[in-house]
Each structure stands twice: as structure tokens, then as C-alpha cells.
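Undergrad: Structure provided below as C-alpha cells; questions to follow.
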Amino acid sequence: MTDTVFQNVRIFDLSRRDGMTAPCDLRVSAGRIAQIAARIEQRADDHVIEGGGNLLMPGLVNGHFHSAVNHMKGRLPSLPLEIFMLYECPELEVLRPTPREAYLRTMLGCIEMLRSGTTSVQDDCFFVPSPEPDIIDAVAQAYEDSGIRVRLALDQPELSELEKLPFLSDILPADLRKFLSEPSGVAAPRLLKLYDHLINRWHGAGDGRIKAAVSCSAPQRVSPDYFVQLDDLSLRHDLPFYAHMLETRLQRVFGEVCLNGRSLVEYTHELGLLSDRMNVIHAIWVNERDLDLLAETGATIAHNPNSNLRLGSGIMRWRDIHDRGIPVCLGVDEAIADDAINMWSVMKTASVIHNLSDWDYERWPKAHEVLYAATQGGGIAMRESGLGQMSPGAPADLIMIDLKSLPFVPLNDLPRQLVHCECGQSVRLTMVAGQIVALEGKLQTIDEDSILAEASAFFAGKKAAMDAADTRMAEVLPYYREMYARAGAYALDFERRIPSEVGVV
């Protein structure tokens, strides 16, 4: 593999007051940063890139993502999670994809991420109505072909809908209660065999860019036995473990009425499953005890502020989490809970939304904290040594930012302008594992125009199937509304939403 030498670049460095070094050179060799120096001697076969004094920084890490709905951006209005999920991922046969469909929708996300400087993603991928080896292969193949770095998990519940939610069994009429009492389409033994397929076929593929993770979706969506088996899989292969916890008020209420007053964090801890491998996704409706447990066990929190706003879930406790030293990464969540797969937008929201939840402005997020979460915090979550760092030995997952572009003219404060001014339009080059995968806003690894044209035609033809699924799930909508109302009326001793004049929900 030919080395790449970046000449005359300024290196992103949050330890410096201005956030970057003086102009210097950087060598990439064998997929990693090999050398940073004021001047690097060139070799005859080096690929030399003149940086023009621009910024070279770590690629952004999308710390939480669901690729299965990349084709559904803009399709749904803002809805509470439990109602939103009726239309997001119903386990209906009419929605079963072909392998090509799974490939195309995954590639849509890759294009959007790599264009704008996201070089790594944690895909907690769900499979409707159920995962199959050829669909898993199609998703992983898209990631390999695009050039991005990924951790891929199978987000698949195994329990019935009635077991995952409070109040619903008492609300539903008999016929719908029977429909929603059926267990998920894939039992635990089959899911574990599918994980064997994922790990044996894909873990370490793409010269190490493609790796597995595990997911329980959420603790209340799986049996304790399967939860424990997933943790064993995570431990044996040192894989990140994804678990949505306390995303919504209703999930907090679930613990009160279905877990004898225990939170989902406490329940997971009692099973012995909180660890530094676990990505606790959202963690909005947490109390002091929950945060203490997360800090003690070394778990990472995946913060998805755009999704939290879109679904009305609430505001996470940013400063309390950071004060306890709990690692935080940032995520898009998914294309229909954000409507863009853009980590710059996520960073900006993370930097400002918490200003509403704390009167003490000294506790508001700082730009350097947000940038750390979007880079090194993502590397911690992914369990990738050195990812998100700009030092010799770190993976060469790099982006070049044009400091002459409008967001940086004039250049007053680099970290703040990266967080508050940039939205991805200044990314001139994207490199993953030492390979240039996007240049001047165009992917270099695939025929982007052909993929976009094919996807546009294909998903136009999918609209009827999605409409049919919506019609089917609308039959249970009134009962989910009632469940949501009951959860909103349930008395809790804290709040994570901004109260309105007519109530808290």
C-alpha cells in the first residue's frame, strides 16, 4: 500500500487553545497515522497531497444508527417513540426486503455519511420482519464497498409486543391482544446462529473495517436468558453491546409498573450485564442511582439529541453525566428520527439543547466536549484503539476541512466554528484506514450516480407496500395512544421534558 503524505496541513488538537497546530506534514502508512512533523521527507512512491494550510482532523463517528430505514427520511411526522415505532419497524411480511433493496438503502447512508466527513458508524441494524443471512450479507457488503468503518449488530427483539410495554394488555380488545401477544418472529437460538454467521463471515472483513457488535435492542424486549447469552458473545469476542435504555417517559414508567420499581439500568445491573462494553443508548430518563451504576461499570452513553427532539423524548443530563466521567458518543439514530445522516447537525444540537435544562451557564456543553464525543468518544464506544485521535499509531480515518470556506471566514475560534457553523459543506477529502473514499463531495469507491438513480426508482416502487403496512398498524393506534396517555399521567418524581401550560407531556 502506497503511503500518503499530507503537506502543509494544520492538525486538529483540542489540547491547544486555538484547537490546531501550526502548518506541518503528516504521513499515513498501512492504514494508520505514521508520523507528524514540521517537515516530512518524501519518498519516490509517496502519494503527496498539498493541504494548503487547511485542517486535518479525525473523521466523525456516528455512534448510534439504524440503517434499515435510510429510505424513509421525511416519511413520518414527529411522534412519540412508542407510536413512531408502529410505523418505523412493524414485523410484517409485506416489508420483507430483497438483498438488493437492503444493499441500496444501506449505501444511501454510506454516501451521506462519507460525503460529509463521517468515517465510522455503529449500525444497530434491525431486520423487518426478521433477519436472514442474505440480508445481513447485503448490508455488510454495502459497508465494505463504500469504504466506511462499521460495527454491525442485529437489533432484534424476541419477546411479544405485550411484554415490552406497560398497560397495553389491559387496553386491547381480545383479537388485537392475540395479534400482539405473538412472540417476535425469530427465537433466541436462531438469532444466535445468525450472530455466528455475522461474526464468522464479516468480523474483520474489509481489512478490519467491518466488525460485529451485539444488540438486545432494549432489556425489556428480550428474555433474561438471551440477554445473558448476548453478553457472553460480546465478552468472548470483545464486541460492543448496544441496549436502548430509558429513552422515554414510558420506559421509566415500565420499570415502575412491570419491574417492581426498578429502572431498566438497575434491572440490567442486577443481571450482571452492565460493563464497559455496553453502549447505553439515550439514557434520558435516568436518576442519580442509574448514573452511579453507569459510572461504576464503565458503560458508554450514546447521545442522540436530534432524535430525542424529533420524538419528544426529553433532554439528557449532559453535565451530570460528564461530571461522573461517563464516556459519551454522539449518534444520528436513524434517517426518519433525524431526517438527515449528518453528524455536524448532531453536534450543533448537542451543544445547545442542554442550555435549556440548566440555569447555570457554566455547566452548558463546551465545543471541545462535543467534538471529543463525536470523535474519541465514538472510538471508545466502538472499542477501536486510537480511533478519533490525531497521533502516530491511530487509524488514518481523517477528513480535510477547507478553512477558506465560509463557515471559517473569519476564523475566530476553530472548535466553536466546527460545532456551530459547519454542516459538512467544507469537507474536501474523506479518508478511512488510509484510503481516500470521498473527494470534493463525491465518493471514490462506487458509482454514486448509478446507485442514487437505482435507489430512487426502487423505493418509489416500494411506497405501496409501506402504505399497506401503515394501514395495518393504524388498527392498533388508538390503543397505543391510550397507553401513551396513561404513561404521561403516571406520577414520577422527576421530569426530563419542558413542562407546558397544560401539563408535562
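Residue numbering restarts at 1 for every chain of the C-alpha cells, chains are lettered A, B, ... in their displayed order, and ligands are numbered from 1 as they appear.
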For range 199-201 of chain A, find every residue with an atom within 9 Å (counting only C-alpha atoms), except residues of its own chain fewer than 4 positions away, and show them as a PyMOL selection string.
TA: chain A and resi 137+194-195+205+211-213+237
Undergrad: Just write the chosen residues, all heavy atoms, as a short mmCIF file (atom, residue, chain, number, x, y, z; two decimals), in the first residue's frame.
TA:
data_model
loop_
_atom_site.label_atom_id
_atom_site.label_comp_id
_atom_site.auth_asym_id
_atom_site.auth_seq_id
_atom_site.Cartn_x
_atom_site.Cartn_y
_atom_site.Cartn_z
N ASP A 137 -25.75 -10.17 4.81
CA ASP A 137 -24.64 -10.07 3.86
C ASP A 137 -24.76 -8.82 2.99
O ASP A 137 -23.75 -8.15 2.71
CB ASP A 137 -24.60 -11.30 2.96
CG ASP A 137 -24.20 -12.57 3.70
OD1 ASP A 137 -23.72 -12.47 4.85
OD2 ASP A 137 -24.39 -13.67 3.13
N LEU A 194 -27.59 -16.67 13.72
CA LEU A 194 -27.38 -15.54 12.81
C LEU A 194 -26.18 -14.70 13.26
O LEU A 194 -25.43 -14.17 12.43
CB LEU A 194 -28.65 -14.70 12.72
CG LEU A 194 -29.81 -15.38 11.98
CD1 LEU A 194 -31.11 -14.63 12.20
CD2 LEU A 194 -29.51 -15.51 10.48
N TYR A 195 -26.00 -14.58 14.57
CA TYR A 195 -24.80 -13.90 15.05
C TYR A 195 -23.54 -14.69 14.68
O TYR A 195 -22.51 -14.10 14.33
CB TYR A 195 -24.87 -13.68 16.56
CG TYR A 195 -25.42 -12.33 16.93
CD1 TYR A 195 -26.66 -12.20 17.53
CD2 TYR A 195 -24.70 -11.16 16.63
CE1 TYR A 195 -27.17 -10.95 17.85
CE2 TYR A 195 -25.20 -9.91 16.94
CZ TYR A 195 -26.44 -9.80 17.55
OH TYR A 195 -26.95 -8.57 17.85
N ALA A 205 -13.64 -8.26 8.23
CA ALA A 205 -13.59 -8.11 6.77
C ALA A 205 -13.19 -6.68 6.41
O ALA A 205 -13.15 -5.79 7.24
CB ALA A 205 -14.95 -8.46 6.16
N LYS A 211 -16.68 -4.86 11.34
CA LYS A 211 -16.65 -5.67 12.55
C LYS A 211 -18.06 -5.82 13.11
O LYS A 211 -18.94 -5.01 12.84
CB LYS A 211 -15.73 -5.04 13.60
CG LYS A 211 -14.25 -5.10 13.23
CD LYS A 211 -13.38 -4.56 14.35
CE LYS A 211 -11.90 -4.65 13.99
NZ LYS A 211 -11.03 -4.09 15.06
N ALA A 212 -18.23 -6.83 13.90
CA ALA A 212 -19.52 -7.12 14.51
C ALA A 212 -19.69 -6.39 15.83
O ALA A 212 -18.72 -5.93 16.46
CB ALA A 212 -19.68 -8.62 14.74
N ALA A 213 -20.93 -6.26 16.25
CA ALA A 213 -21.32 -5.87 17.59
C ALA A 213 -22.52 -6.74 17.95
O ALA A 213 -23.00 -7.51 17.11
CB ALA A 213 -21.67 -4.39 17.65
N HIS A 237 -15.83 -12.18 22.20
CA HIS A 237 -15.25 -11.58 21.00
C HIS A 237 -14.88 -10.11 21.19
O HIS A 237 -14.47 -9.45 20.24
CB HIS A 237 -16.24 -11.71 19.84
CG HIS A 237 -16.53 -13.12 19.44
ND1 HIS A 237 -15.69 -13.86 18.63
CD2 HIS A 237 -17.56 -13.95 19.76
CE1 HIS A 237 -16.19 -15.07 18.46
NE2 HIS A 237 -17.33 -15.15 19.12
#
Undergrad: Excluding Gly59 in chain A and residues on its chain fewer than 3 positions from it, collect all residues at most 10 Å away from it, counting only C-alpha atoms, and give them as a PyMOL selection string.
TA: chain A and resi 56+62+114+116-120+374-376+387-389+396-400+430-432
Undergrad: For the selection just defined, write its residues with all heavy atoms to a file, as a compact mmCIF listing (two decimals), in the first residue's frame.
TA:
# COMPACT_ATOMS: atom_id res chain seq x y z
N LEU A 56 -6.65 19.19 9.08
CA LEU A 56 -6.78 17.75 9.02
C LEU A 56 -7.22 17.28 10.41
O LEU A 56 -6.55 17.55 11.41
CB LEU A 56 -5.44 17.12 8.64
CG LEU A 56 -5.48 15.68 8.10
CD1 LEU A 56 -6.27 15.61 6.80
CD2 LEU A 56 -4.06 15.15 7.90
N ASN A 62 -20.34 8.21 13.91
CA ASN A 62 -21.78 8.13 14.16
C ASN A 62 -22.00 6.99 15.15
O ASN A 62 -22.05 5.83 14.78
CB ASN A 62 -22.52 7.88 12.84
CG ASN A 62 -24.03 7.88 13.01
OD1 ASN A 62 -24.55 8.01 14.10
ND2 ASN A 62 -24.73 7.75 11.90
N LEU A 114 -20.16 9.59 4.30
CA LEU A 114 -18.80 9.81 3.82
C LEU A 114 -18.64 11.15 3.14
O LEU A 114 -17.59 11.79 3.25
CB LEU A 114 -18.40 8.67 2.87
CG LEU A 114 -18.20 7.31 3.55
CD1 LEU A 114 -18.03 6.21 2.51
CD2 LEU A 114 -17.00 7.34 4.50
N SER A 116 -19.94 13.88 4.00
CA SER A 116 -19.88 14.97 4.98
C SER A 116 -18.88 14.70 6.10
O SER A 116 -18.86 15.43 7.09
CB SER A 116 -21.28 15.21 5.58
OG SER A 116 -21.77 14.04 6.21
N GLY A 117 -18.06 13.67 5.96
CA GLY A 117 -16.95 13.51 6.88
C GLY A 117 -17.17 12.55 8.03
O GLY A 117 -16.36 12.50 8.95
N THR A 118 -18.23 11.74 8.01
CA THR A 118 -18.39 10.67 8.98
C THR A 118 -17.69 9.43 8.43
O THR A 118 -18.04 8.95 7.35
CB THR A 118 -19.87 10.37 9.25
OG1 THR A 118 -20.45 11.49 9.92
CG2 THR A 118 -20.04 9.14 10.12
N THR A 119 -16.72 8.94 9.16
CA THR A 119 -15.88 7.85 8.67
C THR A 119 -16.17 6.52 9.35
O THR A 119 -15.71 5.47 8.89
CB THR A 119 -14.40 8.19 8.85
OG1 THR A 119 -14.17 8.55 10.23
CG2 THR A 119 -13.99 9.35 7.96
N SER A 120 -16.90 6.55 10.48
CA SER A 120 -17.22 5.33 11.22
C SER A 120 -18.67 5.39 11.68
O SER A 120 -19.19 6.48 11.98
CB SER A 120 -16.33 5.17 12.45
OG SER A 120 -14.96 5.05 12.09
N ALA A 374 -17.82 13.35 19.55
CA ALA A 374 -18.05 12.96 18.15
C ALA A 374 -16.85 12.28 17.52
O ALA A 374 -16.96 11.76 16.40
CB ALA A 374 -18.42 14.20 17.33
N THR A 375 -15.73 12.25 18.20
CA THR A 375 -14.51 11.65 17.65
C THR A 375 -13.99 10.56 18.60
O THR A 375 -14.31 9.39 18.45
CB THR A 375 -13.44 12.72 17.37
OG1 THR A 375 -13.21 13.51 18.56
CG2 THR A 375 -13.88 13.64 16.25
N GLN A 376 -13.24 10.96 19.63
CA GLN A 376 -12.67 9.98 20.55
C GLN A 376 -13.75 9.24 21.34
O GLN A 376 -13.59 8.06 21.66
CB GLN A 376 -11.69 10.66 21.49
CG GLN A 376 -10.42 11.15 20.78
CD GLN A 376 -9.37 11.63 21.75
OE1 GLN A 376 -8.96 10.90 22.66
NE2 GLN A 376 -8.92 12.86 21.57
N LEU A 387 -9.01 5.31 17.70
CA LEU A 387 -9.95 5.92 16.76
C LEU A 387 -10.39 7.29 17.27
O LEU A 387 -10.76 7.45 18.43
CB LEU A 387 -11.16 5.02 16.57
CG LEU A 387 -12.16 5.45 15.49
CD1 LEU A 387 -11.53 5.38 14.11
CD2 LEU A 387 -13.42 4.58 15.55
N GLY A 388 -10.36 8.27 16.40
CA GLY A 388 -10.74 9.63 16.75
C GLY A 388 -9.58 10.48 17.24
O GLY A 388 -9.78 11.64 17.60
N GLN A 389 -8.38 9.92 17.25
CA GLN A 389 -7.21 10.65 17.72
C GLN A 389 -6.31 11.03 16.55
O GLN A 389 -6.34 10.39 15.50
CB GLN A 389 -6.43 9.82 18.73
CG GLN A 389 -7.24 9.44 19.97
CD GLN A 389 -6.45 8.59 20.94
OE1 GLN A 389 -5.23 8.72 21.06
NE2 GLN A 389 -7.14 7.70 21.64
N ALA A 396 -5.94 5.86 10.38
CA ALA A 396 -5.95 7.03 9.49
C ALA A 396 -7.35 7.23 8.93
O ALA A 396 -7.60 7.08 7.73
CB ALA A 396 -4.92 6.87 8.39
N ASP A 397 -8.29 7.54 9.81
CA ASP A 397 -9.65 7.92 9.45
C ASP A 397 -9.71 9.43 9.59
O ASP A 397 -9.91 9.96 10.70
CB ASP A 397 -10.67 7.25 10.37
CG ASP A 397 -10.75 5.75 10.19
OD1 ASP A 397 -9.88 5.18 9.50
OD2 ASP A 397 -11.69 5.14 10.75
N LEU A 398 -9.51 10.13 8.48
CA LEU A 398 -9.22 11.56 8.51
C LEU A 398 -10.13 12.32 7.55
O LEU A 398 -10.56 11.77 6.53
CB LEU A 398 -7.76 11.81 8.11
CG LEU A 398 -6.69 11.02 8.86
CD1 LEU A 398 -5.33 11.23 8.21
CD2 LEU A 398 -6.66 11.41 10.33
N ILE A 399 -10.39 13.57 7.88
CA ILE A 399 -11.08 14.47 6.95
C ILE A 399 -10.32 15.79 6.87
O ILE A 399 -9.71 16.23 7.84
CB ILE A 399 -12.55 14.71 7.36
CG1 ILE A 399 -12.66 15.30 8.77
CG2 ILE A 399 -13.34 13.43 7.26
CD1 ILE A 399 -14.09 15.64 9.18
N MET A 400 -10.33 16.37 5.68
CA MET A 400 -9.71 17.68 5.48
C MET A 400 -10.80 18.73 5.36
O MET A 400 -11.72 18.60 4.54
CB MET A 400 -8.82 17.70 4.24
CG MET A 400 -8.04 19.02 4.09
SD MET A 400 -7.02 19.07 2.61
CE MET A 400 -5.78 17.87 3.06
N THR A 430 -12.21 12.79 2.43
CA THR A 430 -12.51 11.83 3.49
C THR A 430 -11.65 10.59 3.26
O THR A 430 -11.64 10.01 2.18
CB THR A 430 -14.00 11.43 3.48
OG1 THR A 430 -14.81 12.60 3.60
CG2 THR A 430 -14.31 10.48 4.62
N MET A 431 -10.93 10.19 4.30
CA MET A 431 -10.05 9.02 4.25
C MET A 431 -10.44 8.05 5.34
O MET A 431 -10.69 8.46 6.48
CB MET A 431 -8.59 9.47 4.42
CG MET A 431 -7.59 8.34 4.62
SD MET A 431 -5.88 8.91 4.84
CE MET A 431 -5.41 9.17 3.11
N VAL A 432 -10.52 6.77 5.02
CA VAL A 432 -10.78 5.72 6.01
C VAL A 432 -9.70 4.65 5.87
O VAL A 432 -9.46 4.14 4.77
CB VAL A 432 -12.18 5.09 5.80
CG1 VAL A 432 -12.42 4.01 6.87
CG2 VAL A 432 -13.28 6.14 5.86
Undergrad: Given the choices A:Leu55, A:Ile36, A:Ala394, A:Ile353, which gets closest to Arg10 in chain A if the distance is worked out from only C-alpha atoms?
TA: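 Smallest distance to Arg10 in chain A is found for A:Leu55.
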Undergrad: Counting only C-alpha atoms, figure out which residue out of A:Cys423, A:Val94, A:Leu293, A:Ile301 gets nearest to Thr471 in chain A.
TA: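 Residue with the minimum atom-to-atom distance to Thr471 in chain A: A:Val94.
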Undergrad: Would you mind telling me which residue in A:Asp46, A:Asp338, A:Asp3, A:Glu422 lies nearest to Val28 in chain A when using only C-alpha atoms?
TA: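 Smallest separation from Val28 in chain A among the options: A:Asp3.
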Undergrad: Could you give me, as JSON lines, every range 298-398 of chain A residue with an atom at most 10 Å from range 239-261 of chain A, plus its closest atom pair and distance in Å to one decimal, counting only C-alpha atoms, rows ordered by chain then number?
TA:
{"residue": "A:Ala299", "atom": "CA", "partner": "A:Phe241", "partner_atom": "CA", "distance": 9.7}
{"residue": "A:Thr300", "atom": "CA", "partner": "A:Tyr242", "partner_atom": "CA", "distance": 9.8}
{"residue": "A:Ile301", "atom": "CA", "partner": "A:Met245", "partner_atom": "CA", "distance": 9.7}
{"residue": "A:Ala302", "atom": "CA", "partner": "A:His244", "partner_atom": "CA", "distance": 9.1}
{"residue": "A:Asn304", "atom": "CA", "partner": "A:Glu247", "partner_atom": "CA", "distance": 9.9}
{"residue": "A:Asn308", "atom": "CA", "partner": "A:Glu247", "partner_atom": "CA", "distance": 8.0}
{"residue": "A:Leu311", "atom": "CA", "partner": "A:Thr248", "partner_atom": "CA", "distance": 9.2}
{"residue": "A:Gly312", "atom": "CA", "partner": "A:Thr248", "partner_atom": "CA", "distance": 8.4}
{"residue": "A:Ser313", "atom": "CA", "partner": "A:Thr248", "partner_atom": "CA", "distance": 5.0}
{"residue": "A:Gly314", "atom": "CA", "partner": "A:Thr248", "partner_atom": "CA", "distance": 7.1}
{"residue": "A:Ile315", "atom": "CA", "partner": "A:Glu247", "partner_atom": "CA", "distance": 9.7}
{"residue": "A:Met316", "atom": "CA", "partner": "A:Glu247", "partner_atom": "CA", "distance": 9.1}
{"residue": "A:Ile380", "atom": "CA", "partner": "A:Pro240", "partner_atom": "CA", "distance": 9.6}
{"residue": "A:Ala381", "atom": "CA", "partner": "A:Pro240", "partner_atom": "CA", "distance": 7.0}
{"residue": "A:Met382", "atom": "CA", "partner": "A:Pro240", "partner_atom": "CA", "distance": 6.2}
{"residue": "A:Arg383", "atom": "CA", "partner": "A:Pro240", "partner_atom": "CA", "distance": 6.7}
{"residue": "A:Glu384", "atom": "CA", "partner": "A:Pro240", "partner_atom": "CA", "distance": 10.0}
Undergrad: For each of A:Ala22, A:Ala188, A:Cys110, A:Met57, take the minimum atom-to-atom distance to Arg221 in chain A, counting only C-alpha atoms, then give the residue where this is smallest.
TA: A:Ala188
Undergrad: Could you give me, as a ChimeraX atom specification, the residues within 6 Å of range 166-177 of chain A, counting only C-alpha atoms and dropping anything in the same chain fewer than 3 positions from it?
TA: /A:162,180-181,254,483
Undergrad: Pull N, CA and C atoms from the residues just selected and write them as a compact mmCIF listing (two decimals), in the first residue's frame.
TA:
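See out10.txt below for the written result:
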# COMPACT_ATOMS: atom_id res chain seq x y z
N LEU A 162 -46.69 -7.23 23.82
CA LEU A 162 -47.34 -7.03 25.11
C LEU A 162 -46.35 -7.12 26.27
N LEU A 180 -50.91 -9.17 19.16
CA LEU A 180 -49.71 -8.57 19.74
C LEU A 180 -49.09 -9.42 20.84
N SER A 181 -49.69 -10.56 21.14
CA SER A 181 -49.09 -11.45 22.13
C SER A 181 -48.19 -12.50 21.49
N PHE A 254 -42.48 1.93 32.67
CA PHE A 254 -42.39 0.47 32.54
C PHE A 254 -41.68 -0.14 33.75
N MET A 483 -52.24 4.02 25.85
CA MET A 483 -51.07 3.63 26.63
C MET A 483 -50.16 4.83 26.88
Undergrad: Among range 390-451 of chain A, which residues carry a DSSP assignment of strand (DSSP E or B), reported as a PyMOL selection string?
TA: chain A and resi 395+398-401+427-432+435-439+442-443
Undergrad: Once you have the residues from the selection above, write them out as a CSV table (one decimal), in the first residue's frame, restricted to all heavy atoms.
TA:
chain,number,residue,atom,x,y,z
A,395,PRO,N,-5.7,4.9,13.8
A,395,PRO,CA,-6.3,4.7,12.5
A,395,PRO,C,-6.3,6.0,11.6
A,395,PRO,O,-6.7,7.0,12.2
A,395,PRO,CB,-7.7,4.2,12.7
A,395,PRO,CG,-7.6,3.6,14.1
A,395,PRO,CD,-6.7,4.5,14.9
A,398,LEU,N,-9.5,10.1,8.5
A,398,LEU,CA,-9.2,11.6,8.5
A,398,LEU,C,-10.1,12.3,7.5
A,398,LEU,O,-10.6,11.8,6.5
A,398,LEU,CB,-7.8,11.8,8.1
A,398,LEU,CG,-6.7,11.0,8.9
A,398,LEU,CD1,-5.3,11.2,8.2
A,398,LEU,CD2,-6.7,11.4,10.3
A,399,ILE,N,-10.4,13.6,7.9
A,399,ILE,CA,-11.1,14.5,6.9
A,399,ILE,C,-10.3,15.8,6.9
A,399,ILE,O,-9.7,16.2,7.8
A,399,ILE,CB,-12.5,14.7,7.4
A,399,ILE,CG1,-12.7,15.3,8.8
A,399,ILE,CG2,-13.3,13.4,7.3
A,399,ILE,CD1,-14.1,15.6,9.2
A,400,MET,N,-10.3,16.4,5.7
A,400,MET,CA,-9.7,17.7,5.5
A,400,MET,C,-10.8,18.7,5.4
A,400,MET,O,-11.7,18.6,4.5
A,400,MET,CB,-8.8,17.7,4.2
A,400,MET,CG,-8.0,19.0,4.1
A,400,MET,SD,-7.0,19.1,2.6
A,400,MET,CE,-5.8,17.9,3.1
A,401,ILE,N,-10.7,19.8,6.2
A,401,ILE,CA,-11.7,20.8,6.2
A,401,ILE,C,-11.0,22.1,5.6
A,401,ILE,O,-9.9,22.5,6.0
A,401,ILE,CB,-12.1,21.2,7.7
A,401,ILE,CG1,-12.6,19.9,8.4
A,401,ILE,CG2,-13.0,22.3,7.8
A,401,ILE,CD1,-14.0,19.5,7.9
A,427,VAL,N,-16.0,19.9,3.9
A,427,VAL,CA,-15.2,18.7,3.9
A,427,VAL,C,-14.7,18.5,2.4
A,427,VAL,O,-15.5,18.3,1.5
A,427,VAL,CB,-16.0,17.4,4.4
A,427,VAL,CG1,-15.1,16.2,4.2
A,427,VAL,CG2,-16.4,17.6,5.8
A,428,ARG,N,-13.4,18.5,2.2
A,428,ARG,CA,-12.9,18.4,0.9
A,428,ARG,C,-12.3,17.0,0.6
A,428,ARG,O,-12.2,16.6,-0.5
A,428,ARG,CB,-11.7,19.4,0.7
A,428,ARG,CG,-12.1,20.8,0.8
A,428,ARG,CD,-13.0,21.2,-0.4
A,428,ARG,NE,-13.5,22.6,-0.3
A,428,ARG,CZ,-14.8,22.9,0.0
A,428,ARG,NH1,-15.6,21.9,0.3
A,428,ARG,NH2,-15.2,24.1,0.1
A,429,LEU,N,-12.0,16.2,1.7
A,429,LEU,CA,-11.5,14.9,1.5
A,429,LEU,C,-11.9,14.0,2.7
A,429,LEU,O,-11.8,14.5,3.8
A,429,LEU,CB,-9.9,15.0,1.4
A,429,LEU,CG,-9.1,13.7,1.3
A,429,LEU,CD1,-7.9,13.9,0.4
A,429,LEU,CD2,-8.7,13.2,2.7
A,430,THR,N,-12.2,12.8,2.4
A,430,THR,CA,-12.5,11.8,3.5
A,430,THR,C,-11.6,10.6,3.3
A,430,THR,O,-11.6,10.0,2.2
A,430,THR,CB,-14.0,11.4,3.5
A,430,THR,OG1,-14.8,12.6,3.6
A,430,THR,CG2,-14.3,10.5,4.6
A,431,MET,N,-10.9,10.2,4.3
A,431,MET,CA,-10.0,9.0,4.2
A,431,MET,C,-10.4,8.1,5.3
A,431,MET,O,-10.7,8.5,6.5
A,431,MET,CB,-8.6,9.5,4.4
A,431,MET,CG,-7.6,8.3,4.6
A,431,MET,SD,-5.9,8.9,4.8
A,431,MET,CE,-5.4,9.2,3.1
A,432,VAL,N,-10.5,6.8,5.0
A,432,VAL,CA,-10.8,5.7,6.0
A,432,VAL,C,-9.7,4.7,5.9
A,432,VAL,O,-9.5,4.1,4.8
A,432,VAL,CB,-12.2,5.1,5.8
A,432,VAL,CG1,-12.4,4.0,6.9
A,432,VAL,CG2,-13.3,6.1,5.9
A,435,GLN,N,-7.3,5.1,3.0
A,435,GLN,CA,-7.8,5.1,1.7
A,435,GLN,C,-8.7,6.3,1.5
A,435,GLN,O,-9.6,6.5,2.3
A,435,GLN,CB,-8.5,3.8,1.3
A,435,GLN,CG,-7.7,2.6,1.3
A,435,GLN,CD,-6.5,2.6,0.3
A,435,GLN,OE1,-6.8,2.9,-0.9
A,435,GLN,NE2,-5.3,2.4,0.8
A,436,ILE,N,-8.5,7.1,0.4
A,436,ILE,CA,-9.4,8.2,0.1
A,436,ILE,C,-10.7,7.6,-0.4
A,436,ILE,O,-10.7,7.0,-1.5
A,436,ILE,CB,-8.7,9.2,-0.9
A,436,ILE,CG1,-7.5,9.8,-0.3
A,436,ILE,CG2,-9.7,10.2,-1.3
A,436,ILE,CD1,-6.7,10.6,-1.2
A,437,VAL,N,-11.8,7.9,0.3
A,437,VAL,CA,-13.1,7.3,-0.1
A,437,VAL,C,-14.0,8.4,-0.6
A,437,VAL,O,-15.0,8.1,-1.3
A,437,VAL,CB,-13.7,6.6,1.1
A,437,VAL,CG1,-12.9,5.3,1.4
A,437,VAL,CG2,-13.9,7.5,2.3
A,438,ALA,N,-13.7,9.7,-0.3
A,438,ALA,CA,-14.6,10.8,-0.9
A,438,ALA,C,-13.7,12.0,-1.1
A,438,ALA,O,-12.8,12.3,-0.4
A,438,ALA,CB,-15.7,11.1,0.0
A,439,LEU,N,-13.9,12.6,-2.2
A,439,LEU,CA,-13.1,13.8,-2.6
A,439,LEU,C,-14.0,14.8,-3.3
A,439,LEU,O,-14.8,14.5,-4.2
A,439,LEU,CB,-12.1,13.3,-3.7
A,439,LEU,CG,-10.9,14.2,-4.0
A,439,LEU,CD1,-10.0,14.5,-2.7
A,439,LEU,CD2,-10.0,13.6,-5.1
A,442,LYS,N,-17.7,13.8,-3.5
A,442,LYS,CA,-18.1,12.7,-4.3
A,442,LYS,C,-17.3,11.4,-3.9
A,442,LYS,O,-16.1,11.4,-3.7
A,442,LYS,CB,-17.7,13.0,-5.8
A,442,LYS,CG,-18.4,12.1,-6.8
A,442,LYS,CD,-19.8,12.6,-7.1
A,442,LYS,CE,-20.4,11.9,-8.3
A,442,LYS,NZ,-21.7,12.4,-8.6
A,443,LEU,N,-18.1,10.3,-3.7
A,443,LEU,CA,-17.5,9.0,-3.3
A,443,LEU,C,-16.6,8.5,-4.4
A,443,LEU,O,-16.9,8.6,-5.6
A,443,LEU,CB,-18.5,8.0,-3.0
A,443,LEU,CG,-18.8,7.9,-1.5
A,443,LEU,CD1,-19.4,9.1,-0.9
A,443,LEU,CD2,-19.7,6.7,-1.2
Undergrad: One number please: CA of Leu92 in chain A to CA of Pro219 in chain A, in Å, one decimal.
TA: 22.7 Å
Undergrad: Which value, in Å to one decimal, gives the distance between CA of Ser184 in chain A and CA of Leu159 in chain A?
TA: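 Computing it gives 5.6 Å between the two atoms.
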Undergrad: As an exercise, work out the distance from CA of Ile135 in chain A to CA of Val228 in chain A in Å and give it to one decimal place.
TA: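 According to the coordinates, CA of Ile135 in chain A and CA of Val228 in chain A are separated by 25.5 Å.
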Undergrad: If you run DSSP over the backbone, which residues in range 44-249 of chain A end up alpha helix (DSSP H)? Put them as a PyMOL selection string.
TA: chain A and resi 81-88+99-115+133-146+161-164+168-171+174-180+188-202+224-237+249
Undergrad: Near Pro183 in chain A, within 10 Å and counting only C-alpha atoms, which residues show up once chain neighbours fewer than 6 positions away are dropped, as a PDB file with N, CA and C atoms, in the first residue's frame?
TA:
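Now in selection.pdb:
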ATOM      1  N   PRO A 157     -35.637  -7.882  18.738  1.00  0.00           N
ATOM      2  CA  PRO A 157     -36.322  -8.360  19.946  1.00  0.00           C
ATOM      3  C   PRO A 157     -36.767  -9.810  19.767  1.00  0.00           C
ATOM      4  N   GLU A 158     -37.030 -10.481  20.883  1.00  0.00           N
ATOM      5  CA  GLU A 158     -37.559 -11.845  20.806  1.00  0.00           C
ATOM      6  C   GLU A 158     -38.865 -11.994  21.574  1.00  0.00           C
ATOM      7  N   LEU A 159     -39.226 -11.000  22.387  1.00  0.00           N
ATOM      8  CA  LEU A 159     -40.458 -11.077  23.158  1.00  0.00           C
ATOM      9  C   LEU A 159     -41.622 -10.448  22.382  1.00  0.00           C
ATOM     10  N   SER A 160     -42.815 -10.725  22.840  1.00  0.00           N
ATOM     11  CA  SER A 160     -44.004 -10.164  22.194  1.00  0.00           C
ATOM     12  C   SER A 160     -44.156  -8.690  22.534  1.00  0.00           C
ATOM     13  N   GLU A 161     -44.977  -8.012  21.758  1.00  0.00           N
ATOM     14  CA  GLU A 161     -45.233  -6.598  21.979  1.00  0.00           C
ATOM     15  C   GLU A 161     -45.831  -6.358  23.366  1.00  0.00           C
ATOM     16  N   LEU A 162     -46.687  -7.232  23.817  1.00  0.00           N
ATOM     17  CA  LEU A 162     -47.340  -7.030  25.113  1.00  0.00           C
ATOM     18  C   LEU A 162     -46.354  -7.121  26.274  1.00  0.00           C
ATOM     19  N   GLU A 163     -45.279  -7.871  26.088  1.00  0.00           N
ATOM     20  CA  GLU A 163     -44.286  -8.000  27.153  1.00  0.00           C
ATOM     21  C   GLU A 163     -43.338  -6.812  27.225  1.00  0.00           C
TER      22      GLU A 163
END
Undergrad: Check the smallest atom-to-atom distance from each of A:Ile11, A:Leu104, A:Leu76, A:Val5 to Leu452 in chain A using only C-alpha atoms, then report the winner.
TA: A:Leu104
